[in-house]
Amino acid sequence: MRRSLSRRLSTAAALVAAAVAAPLAAPVPAAADGVVIGGSPVQVSDSPWAVALASRDRFGGTRAGQFCGGAVVSPTTVLTAAHCLSMEVLGAPLETVDDLHIIAGRNDLRAAGGREVAVRSVWVNEEYDSFTNAGDLAILTLDKPLPKDHVIAMAPVGDPAYEAGTRAHVYGWGDTTGQGDYARSLRAARVQVLPDTACEAAYPGNADGTYLRGVMLCAGELEGGRDACQGDSGGPLVARGRLIGLVSWGSGCGQAGSPGVYTRISELVARLTQ
Ligand code: 4AZ
């Protein structure tokens, strides 16, 4: 497979500029009460911008090789987390993973529905800091375009969707219990955008990371219970029908006092449109 690792954000800007300039109306997320942790099943047809990132070579075929999530922001552009493409996650250098692809429009990973589309090129944010987790973003360019209705608009800087208290949903095929019970079908958990102070208090700087307002977004429930977990990384956090975050990190899953931390999308939009 062809793959080039671009070194410049301007390349990334070119990839998603169209998505920023002409955001499409996105479907309202399906109701769910609880992903992921404390989540419930949703139909991928109601949230077609939620895609699985997969490699059967690296992760085996039982769940179609799913290992992370992604969000479709233009027909050929998927956002995911930089850490999903790390040696630590892949168990091999990215350059050697020849079957990296996304799965769109498939609820059950064991079934054959939807589309598998090869990843043509990968841009990994070279500023991603694996100690703080700042800048946890990668941009995948697909080999073939997805239908336009798969695209979700990114919430720009100042969008009310980022305000603390906003109801949001996080989507993924990840661990549903924190014990390694990976979902076969797409799930969503209803969470809320939490004040930066909640994550600053939880994550002043420890082994898991450091919460940095401006580039990260804090979401979950103060009492715990609903959250993203391992395997959901890179997947979408959606509020008011717009993409506000990508699952990035946290201490454990669904624990009171340890909210989920997301890559803040407004920061990307700001850099692309400056
Ligand atoms: C992970 O390991 C991970 N509870 C993702 C999200 C969260 C924790 C861990 C948030 O990919």
# chains A, B, ... in the order shown; residues from 1 in each chain; ligands from 1

call {"tool": "select_by_dssp", "arguments": {"residues": "segment 89-260 of chain A", "states": "strand (DSSP E)", "output": "JSON, numbers by chain"}}
result
{"A": [101, 102, 103, 104, 115, 116, 117, 118, 119, 120, 121, 122, 123, 124, 138, 139, 140, 141, 142, 167, 168, 169, 170, 171, 172, 187, 188, 189, 190, 191, 192, 193, 216, 217, 218, 219, 220, 236, 237, 238, 239, 242, 243, 244, 245, 246, 247, 248, 249, 260]}

call {"tool": "residues_near_ligand", "arguments": {"ligand": "ligand 1", "cutoff": "9 Å", "atoms": "only C-alpha atoms and all ligand atoms", "output": "ChimeraX atom specification"}}
result
/A:37,68,83-84,174,178,220,226-234,247-255,258-262

call {"tool": "write_last_selection", "arguments": {"atoms": "N, CA, C and O atoms", "output": "short mmCIF file (atom, residue, chain, number, x, y, z; two decimals), in the first residue's frame"}}
result
data_model
loop_
_atom_site.label_atom_id
_atom_site.label_comp_id
_atom_site.auth_asym_id
_atom_site.auth_seq_id
_atom_site.Cartn_x
_atom_site.Cartn_y
_atom_site.Cartn_z
N ILE A 37 -18.60 2.45 28.01
CA ILE A 37 -18.98 2.10 29.37
C ILE A 37 -20.34 2.76 29.63
O ILE A 37 -20.48 3.95 29.41
N CYS A 68 -9.38 0.91 16.87
CA CYS A 68 -9.61 2.30 17.27
C CYS A 68 -10.84 2.79 16.52
O CYS A 68 -11.42 2.07 15.71
N HIS A 83 -2.28 8.57 18.93
CA HIS A 83 -1.75 7.43 19.70
C HIS A 83 -2.21 6.09 19.13
O HIS A 83 -1.59 5.06 19.39
N CYS A 84 -3.31 6.11 18.34
CA CYS A 84 -3.77 4.87 17.70
C CYS A 84 -2.74 4.31 16.73
O CYS A 84 -2.75 3.12 16.43
N GLY A 174 -15.43 -0.05 21.46
CA GLY A 174 -14.42 -0.39 22.46
C GLY A 174 -14.96 -1.19 23.63
O GLY A 174 -16.10 -1.67 23.64
N GLY A 178 -14.47 -2.11 30.92
CA GLY A 178 -13.17 -1.83 31.51
C GLY A 178 -12.40 -3.12 31.80
O GLY A 178 -11.30 -3.10 32.35
N GLY A 220 -17.81 13.62 30.36
CA GLY A 220 -18.17 12.40 31.08
C GLY A 220 -19.31 12.72 32.02
O GLY A 220 -20.17 13.54 31.70
N ARG A 226 -20.60 6.63 32.79
CA ARG A 226 -20.69 6.66 31.33
C ARG A 226 -19.42 7.30 30.78
O ARG A 226 -19.05 8.42 31.18
N ASP A 227 -18.77 6.61 29.87
CA ASP A 227 -17.43 7.06 29.45
C ASP A 227 -16.99 6.25 28.23
O ASP A 227 -17.56 5.19 27.93
N ALA A 228 -15.98 6.76 27.56
CA ALA A 228 -15.27 5.99 26.54
C ALA A 228 -14.26 5.10 27.23
O ALA A 228 -13.92 5.30 28.41
N CYS A 229 -13.76 4.10 26.50
CA CYS A 229 -12.78 3.21 27.11
C CYS A 229 -11.83 2.71 26.02
O CYS A 229 -11.91 3.15 24.86
N GLN A 230 -10.94 1.81 26.39
CA GLN A 230 -9.96 1.29 25.45
C GLN A 230 -10.65 0.73 24.21
O GLN A 230 -11.67 0.05 24.32
N GLY A 231 -10.10 1.05 23.06
CA GLY A 231 -10.70 0.61 21.80
C GLY A 231 -11.61 1.65 21.18
O GLY A 231 -11.95 1.58 20.01
N ASP A 232 -12.03 2.62 22.00
CA ASP A 232 -12.85 3.73 21.48
C ASP A 232 -11.99 4.88 20.99
O ASP A 232 -12.50 5.82 20.35
N SER A 233 -10.71 4.86 21.30
CA SER A 233 -9.81 5.97 20.98
C SER A 233 -9.92 6.39 19.53
O SER A 233 -10.04 5.55 18.64
N GLY A 234 -9.86 7.71 19.34
CA GLY A 234 -9.96 8.27 17.99
C GLY A 234 -11.39 8.46 17.54
O GLY A 234 -11.65 9.14 16.55
N VAL A 247 -11.94 10.69 21.11
CA VAL A 247 -11.56 9.96 22.33
C VAL A 247 -10.03 9.90 22.41
O VAL A 247 -9.37 9.48 21.45
N SER A 248 -9.48 10.35 23.55
CA SER A 248 -8.02 10.40 23.66
C SER A 248 -7.50 9.61 24.86
O SER A 248 -6.76 8.65 24.70
N TRP A 249 -7.88 10.01 26.07
CA TRP A 249 -7.30 9.33 27.23
C TRP A 249 -8.12 9.57 28.49
O TRP A 249 -9.16 10.20 28.45
N GLY A 250 -7.62 9.07 29.60
CA GLY A 250 -8.26 9.20 30.91
C GLY A 250 -7.67 8.14 31.82
O GLY A 250 -6.93 7.28 31.36
N SER A 251 -7.99 8.25 33.11
CA SER A 251 -7.54 7.21 34.05
C SER A 251 -8.67 6.21 34.20
O SER A 251 -9.73 6.54 34.75
N GLY A 252 -8.47 5.01 33.71
CA GLY A 252 -9.52 4.01 33.77
C GLY A 252 -10.70 4.44 32.92
O GLY A 252 -10.60 5.31 32.05
N CYS A 253 -11.85 3.85 33.18
CA CYS A 253 -13.04 4.12 32.38
C CYS A 253 -14.26 4.21 33.28
O CYS A 253 -14.52 3.28 34.07
N GLY A 254 -14.95 5.32 33.20
CA GLY A 254 -16.23 5.44 33.91
C GLY A 254 -16.11 5.60 35.40
O GLY A 254 -17.08 5.41 36.13
N GLN A 255 -14.93 5.95 35.89
CA GLN A 255 -14.76 6.08 37.33
C GLN A 255 -15.07 7.50 37.79
O GLN A 255 -14.64 8.47 37.14
N SER A 258 -12.69 10.76 37.48
CA SER A 258 -11.72 10.59 36.38
C SER A 258 -12.45 10.67 35.05
O SER A 258 -12.69 9.65 34.39
N PRO A 259 -12.80 11.89 34.63
CA PRO A 259 -13.55 12.03 33.37
C PRO A 259 -12.73 11.60 32.15
O PRO A 259 -11.51 11.42 32.24
N GLY A 260 -13.42 11.49 31.03
CA GLY A 260 -12.74 11.20 29.78
C GLY A 260 -12.10 12.47 29.22
O GLY A 260 -12.64 13.57 29.38
N VAL A 261 -10.95 12.31 28.59
CA VAL A 261 -10.28 13.46 27.97
C VAL A 261 -10.27 13.24 26.45
O VAL A 261 -9.97 12.13 25.97
N TYR A 262 -10.61 14.30 25.73
CA TYR A 262 -10.79 14.25 24.29
C TYR A 262 -9.87 15.27 23.62
O TYR A 262 -9.58 16.32 24.20
#

call {"tool": "closest_atom_pairs", "arguments": {"of": "segment 37-77 of chain A", "to": "segment 110-128 of chain A", "cutoff": "12 Å", "atoms": "only C-alpha atoms", "output": "tab-separated table"}}
result
residue	atom	partner	partner_atom	distance
A:Val44	CA	A:Gly114	CA	9.5
A:Ser45	CA	A:Gly114	CA	9.7
A:Pro48	CA	A:Gly114	CA	10.0
A:Val51	CA	A:Glu116	CA	9.8
A:Ala52	CA	A:Glu116	CA	9.4
A:Leu53	CA	A:Val119	CA	9.4
A:Ala54	CA	A:Glu116	CA	9.1
A:Ser55	CA	A:Ala118	CA	10.0
A:Arg56	CA	A:Glu116	CA	11.8
A:Gly60	CA	A:Arg110	CA	11.8
A:Gly61	CA	A:Arg110	CA	8.6
A:Thr62	CA	A:Arg110	CA	6.7
A:Arg63	CA	A:Arg110	CA	5.6
A:Ala64	CA	A:Arg110	CA	6.4
A:Gly65	CA	A:Arg110	CA	9.9
A:Gln66	CA	A:Arg110	CA	10.3
A:Pro75	CA	A:Val117	CA	11.2
A:Thr76	CA	A:Val119	CA	9.2
A:Thr77	CA	A:Val119	CA	9.5

call {"tool": "closest_residue", "arguments": {"among": "A:Asp136, A:Glu95, A:Asp181, A:Asp159", "to": "Leu79 of chain A", "atoms": "only C-alpha atoms"}}
result
A:Asp136

call {"tool": "select_by_dssp", "arguments": {"residues": "segment 83-243 of chain A", "states": "alpha helix (DSSP H)", "output": "PyMOL selection string"}}
result
chain A and resi 87-90+196-202

call {"tool": "write_last_selection", "arguments": {"atoms": "all heavy atoms", "output": "short mmCIF file (atom, residue, chain, number, x, y, z; two decimals), in the first residue's frame"}}
result
data_model
loop_
_atom_site.label_atom_id
_atom_site.label_comp_id
_atom_site.auth_asym_id
_atom_site.auth_seq_id
_atom_site.Cartn_x
_atom_site.Cartn_y
_atom_site.Cartn_z
N MET A 87 3.58 2.87 17.87
CA MET A 87 4.20 1.54 18.00
C MET A 87 3.57 0.78 19.17
O MET A 87 3.33 -0.43 19.08
CB MET A 87 5.69 1.79 18.27
CG MET A 87 6.51 0.58 18.41
SD MET A 87 7.04 0.04 16.78
CE MET A 87 8.04 -1.33 17.29
N GLU A 88 3.26 1.52 20.22
CA GLU A 88 2.69 0.89 21.42
C GLU A 88 1.36 0.22 21.10
O GLU A 88 1.08 -0.88 21.57
CB GLU A 88 2.51 1.98 22.48
CG GLU A 88 2.33 1.46 23.87
CD GLU A 88 2.05 2.59 24.86
OE1 GLU A 88 2.33 3.76 24.54
OE2 GLU A 88 1.53 2.28 25.93
N VAL A 89 0.53 0.89 20.32
CA VAL A 89 -0.78 0.33 19.98
C VAL A 89 -0.67 -0.71 18.87
O VAL A 89 -1.22 -1.80 18.96
CB VAL A 89 -1.78 1.44 19.59
CG1 VAL A 89 -3.04 0.86 18.97
CG2 VAL A 89 -2.12 2.28 20.82
N LEU A 90 0.07 -0.36 17.81
CA LEU A 90 0.13 -1.25 16.64
C LEU A 90 1.03 -2.47 16.88
O LEU A 90 0.88 -3.49 16.22
CB LEU A 90 0.64 -0.49 15.41
CG LEU A 90 -0.26 0.62 14.87
CD1 LEU A 90 0.43 1.37 13.74
CD2 LEU A 90 -1.60 0.06 14.39
N ASP A 196 -13.39 22.66 32.24
CA ASP A 196 -11.95 22.34 32.22
C ASP A 196 -11.42 22.08 33.63
O ASP A 196 -10.55 21.23 33.82
CB ASP A 196 -11.16 23.51 31.60
CG ASP A 196 -11.36 23.62 30.08
OD1 ASP A 196 -11.35 22.57 29.41
OD2 ASP A 196 -11.55 24.74 29.59
N THR A 197 -11.98 22.80 34.59
CA THR A 197 -11.48 22.66 35.97
C THR A 197 -11.65 21.23 36.49
O THR A 197 -10.85 20.76 37.30
CB THR A 197 -12.21 23.64 36.91
OG1 THR A 197 -13.62 23.53 36.68
CG2 THR A 197 -11.77 25.08 36.65
N ALA A 198 -12.69 20.52 36.01
CA ALA A 198 -12.90 19.13 36.46
C ALA A 198 -11.73 18.24 36.03
O ALA A 198 -11.25 17.40 36.81
CB ALA A 198 -14.22 18.58 35.92
N CYS A 199 -11.27 18.42 34.80
CA CYS A 199 -10.15 17.61 34.32
C CYS A 199 -8.81 18.13 34.82
O CYS A 199 -7.88 17.35 35.02
CB CYS A 199 -10.17 17.49 32.79
SG CYS A 199 -11.28 16.18 32.20
N GLU A 200 -8.72 19.46 35.03
CA GLU A 200 -7.47 19.99 35.60
C GLU A 200 -7.26 19.44 37.01
O GLU A 200 -6.14 19.12 37.40
CB GLU A 200 -7.51 21.53 35.61
CG GLU A 200 -7.30 22.11 34.22
CD GLU A 200 -7.61 23.60 34.12
OE1 GLU A 200 -8.26 24.15 35.04
OE2 GLU A 200 -7.23 24.20 33.11
N ALA A 201 -8.36 19.31 37.76
CA ALA A 201 -8.27 18.76 39.12
C ALA A 201 -7.92 17.27 39.06
O ALA A 201 -7.12 16.78 39.86
CB ALA A 201 -9.59 18.97 39.85
N ALA A 202 -8.52 16.56 38.10
CA ALA A 202 -8.29 15.10 38.01
C ALA A 202 -6.91 14.77 37.46
O ALA A 202 -6.32 13.76 37.84
CB ALA A 202 -9.37 14.47 37.13
#

call {"tool": "atom_distance", "arguments": {"atom1": "atom CA of Ala189 of chain A", "atom2": "atom CA of Val170 of chain A"}}
result
5.4 Å

call {"tool": "atom_distance", "arguments": {"atom1": "atom CA of Glu267 of chain A", "atom2": "atom CA of Thr176 of chain A"}}
result
29.1 Å

call {"tool": "closest_residue", "arguments": {"among": "A:Ala81, A:Ile103, A:Leu194, A:Val269", "to": "Trp173 of chain A", "atoms": "only C-alpha atoms"}}
result
A:Ile103

call {"tool": "closest_residue", "arguments": {"among": "A:His169, A:Pro145, A:Asp46, A:Thr96", "to": "Gly235 of chain A", "atoms": "only C-alpha atoms"}}
result
A:His169

call {"tool": "closest_residue", "arguments": {"among": "A:Asp175, A:Asp208, A:Asp143, A:Glu163", "to": "Val193 of chain A", "atoms": "only C-alpha atoms"}}
result
A:Glu163

call {"tool": "closest_residue", "arguments": {"among": "A:Phe131, A:Tyr203, A:Tyr211, A:Tyr162", "to": "Gly245 of chain A", "atoms": "only C-alpha atoms"}}
result
A:Tyr162

call {"tool": "decode", "arguments": {"residues": "segment 66-79 of chain A", "atoms": "all heavy atoms", "output": "mmCIF file, in the first residue's frame"}}
result
data_model
loop_
_atom_site.group_PDB
_atom_site.id
_atom_site.type_symbol
_atom_site.label_atom_id
_atom_site.label_comp_id
_atom_site.auth_asym_id
_atom_site.auth_seq_id
_atom_site.Cartn_x
_atom_site.Cartn_y
_atom_site.Cartn_z
ATOM 1 N N GLN A 66 -10.667 -4.457 14.166
ATOM 2 C CA GLN A 66 -10.917 -3.124 14.763
ATOM 3 C C GLN A 66 -10.003 -2.888 15.959
ATOM 4 O O GLN A 66 -9.862 -3.769 16.816
ATOM 5 C CB GLN A 66 -12.389 -3.018 15.206
ATOM 6 C CG GLN A 66 -12.792 -1.642 15.732
ATOM 7 C CD GLN A 66 -12.535 -1.413 17.216
ATOM 8 O OE1 GLN A 66 -12.371 -2.364 17.966
ATOM 9 N NE2 GLN A 66 -12.481 -0.164 17.632
ATOM 10 N N PHE A 67 -9.397 -1.702 16.030
ATOM 11 C CA PHE A 67 -8.585 -1.372 17.201
ATOM 12 C C PHE A 67 -8.753 0.062 17.665
ATOM 13 O O PHE A 67 -8.316 0.409 18.757
ATOM 14 C CB PHE A 67 -7.102 -1.672 16.931
ATOM 15 C CG PHE A 67 -6.478 -0.811 15.858
ATOM 16 C CD1 PHE A 67 -5.719 0.301 16.215
ATOM 17 C CD2 PHE A 67 -6.637 -1.117 14.514
ATOM 18 C CE1 PHE A 67 -5.128 1.103 15.244
ATOM 19 C CE2 PHE A 67 -6.054 -0.318 13.524
ATOM 20 C CZ PHE A 67 -5.303 0.798 13.893
ATOM 21 N N CYS A 68 -9.378 0.914 16.869
ATOM 22 C CA CYS A 68 -9.615 2.303 17.270
ATOM 23 C C CYS A 68 -10.840 2.794 16.515
ATOM 24 O O CYS A 68 -11.421 2.066 15.705
ATOM 25 C CB CYS A 68 -8.413 3.195 16.919
ATOM 26 S SG CYS A 68 -7.215 3.404 18.277
ATOM 27 N N GLY A 69 -11.232 4.030 16.795
ATOM 28 C CA GLY A 69 -12.345 4.634 16.072
ATOM 29 C C GLY A 69 -11.856 5.806 15.247
ATOM 30 O O GLY A 69 -10.668 6.159 15.273
ATOM 31 N N GLY A 70 -12.788 6.382 14.489
ATOM 32 C CA GLY A 70 -12.460 7.556 13.698
ATOM 33 C C GLY A 70 -13.728 8.326 13.384
ATOM 34 O O GLY A 70 -14.837 7.826 13.595
ATOM 35 N N ALA A 71 -13.561 9.559 12.887
ATOM 36 C CA ALA A 71 -14.694 10.411 12.527
ATOM 37 C C ALA A 71 -14.485 10.925 11.109
ATOM 38 O O ALA A 71 -13.412 11.451 10.778
ATOM 39 C CB ALA A 71 -14.797 11.585 13.504
ATOM 40 N N VAL A 72 -15.521 10.787 10.284
ATOM 41 C CA VAL A 72 -15.437 11.176 8.867
ATOM 42 C C VAL A 72 -15.731 12.678 8.751
ATOM 43 O O VAL A 72 -16.837 13.116 9.069
ATOM 44 C CB VAL A 72 -16.467 10.395 8.027
ATOM 45 C CG1 VAL A 72 -16.375 10.777 6.550
ATOM 46 C CG2 VAL A 72 -16.279 8.894 8.198
ATOM 47 N N VAL A 73 -14.757 13.476 8.315
ATOM 48 C CA VAL A 73 -14.966 14.930 8.198
ATOM 49 C C VAL A 73 -14.974 15.432 6.756
ATOM 50 O O VAL A 73 -15.253 16.596 6.511
ATOM 51 C CB VAL A 73 -13.969 15.740 9.064
ATOM 52 C CG1 VAL A 73 -14.159 15.411 10.546
ATOM 53 C CG2 VAL A 73 -12.530 15.495 8.637
ATOM 54 N N SER A 74 -14.670 14.563 5.815
ATOM 55 C CA SER A 74 -14.916 14.818 4.389
ATOM 56 C C SER A 74 -14.972 13.425 3.756
ATOM 57 O O SER A 74 -14.578 12.450 4.399
ATOM 58 C CB SER A 74 -13.816 15.694 3.761
ATOM 59 O OG SER A 74 -12.811 14.893 3.171
ATOM 60 N N PRO A 75 -15.495 13.297 2.522
ATOM 61 C CA PRO A 75 -15.647 11.946 1.969
ATOM 62 C C PRO A 75 -14.356 11.115 1.953
ATOM 63 O O PRO A 75 -14.411 9.889 2.029
ATOM 64 C CB PRO A 75 -16.170 12.211 0.549
ATOM 65 C CG PRO A 75 -16.949 13.483 0.693
ATOM 66 C CD PRO A 75 -16.133 14.319 1.663
ATOM 67 N N THR A 76 -13.216 11.792 1.889
ATOM 68 C CA THR A 76 -11.947 11.040 1.873
ATOM 69 C C THR A 76 -11.084 11.297 3.105
ATOM 70 O O THR A 76 -9.902 10.929 3.115
ATOM 71 C CB THR A 76 -11.123 11.401 0.617
ATOM 72 O OG1 THR A 76 -10.980 12.828 0.581
ATOM 73 C CG2 THR A 76 -11.771 10.890 -0.657
ATOM 74 N N THR A 77 -11.650 11.948 4.129
ATOM 75 C CA THR A 77 -10.834 12.302 5.295
ATOM 76 C C THR A 77 -11.448 11.788 6.594
ATOM 77 O O THR A 77 -12.598 12.087 6.901
ATOM 78 C CB THR A 77 -10.675 13.836 5.403
ATOM 79 O OG1 THR A 77 -10.264 14.343 4.134
ATOM 80 C CG2 THR A 77 -9.654 14.216 6.450
ATOM 81 N N VAL A 78 -10.647 11.047 7.344
ATOM 82 C CA VAL A 78 -11.072 10.524 8.642
ATOM 83 C C VAL A 78 -10.091 11.032 9.700
ATOM 84 O O VAL A 78 -8.872 10.931 9.522
ATOM 85 C CB VAL A 78 -11.097 8.979 8.634
ATOM 86 C CG1 VAL A 78 -11.281 8.416 10.032
ATOM 87 C CG2 VAL A 78 -12.202 8.469 7.700
ATOM 88 N N LEU A 79 -10.635 11.591 10.788
ATOM 89 C CA LEU A 79 -9.794 11.988 11.916
ATOM 90 C C LEU A 79 -9.736 10.844 12.915
ATOM 91 O O LEU A 79 -10.739 10.169 13.154
ATOM 92 C CB LEU A 79 -10.381 13.225 12.618
ATOM 93 C CG LEU A 79 -10.619 14.473 11.784
ATOM 94 C CD1 LEU A 79 -11.100 15.618 12.696
ATOM 95 C CD2 LEU A 79 -9.355 14.887 11.033
#
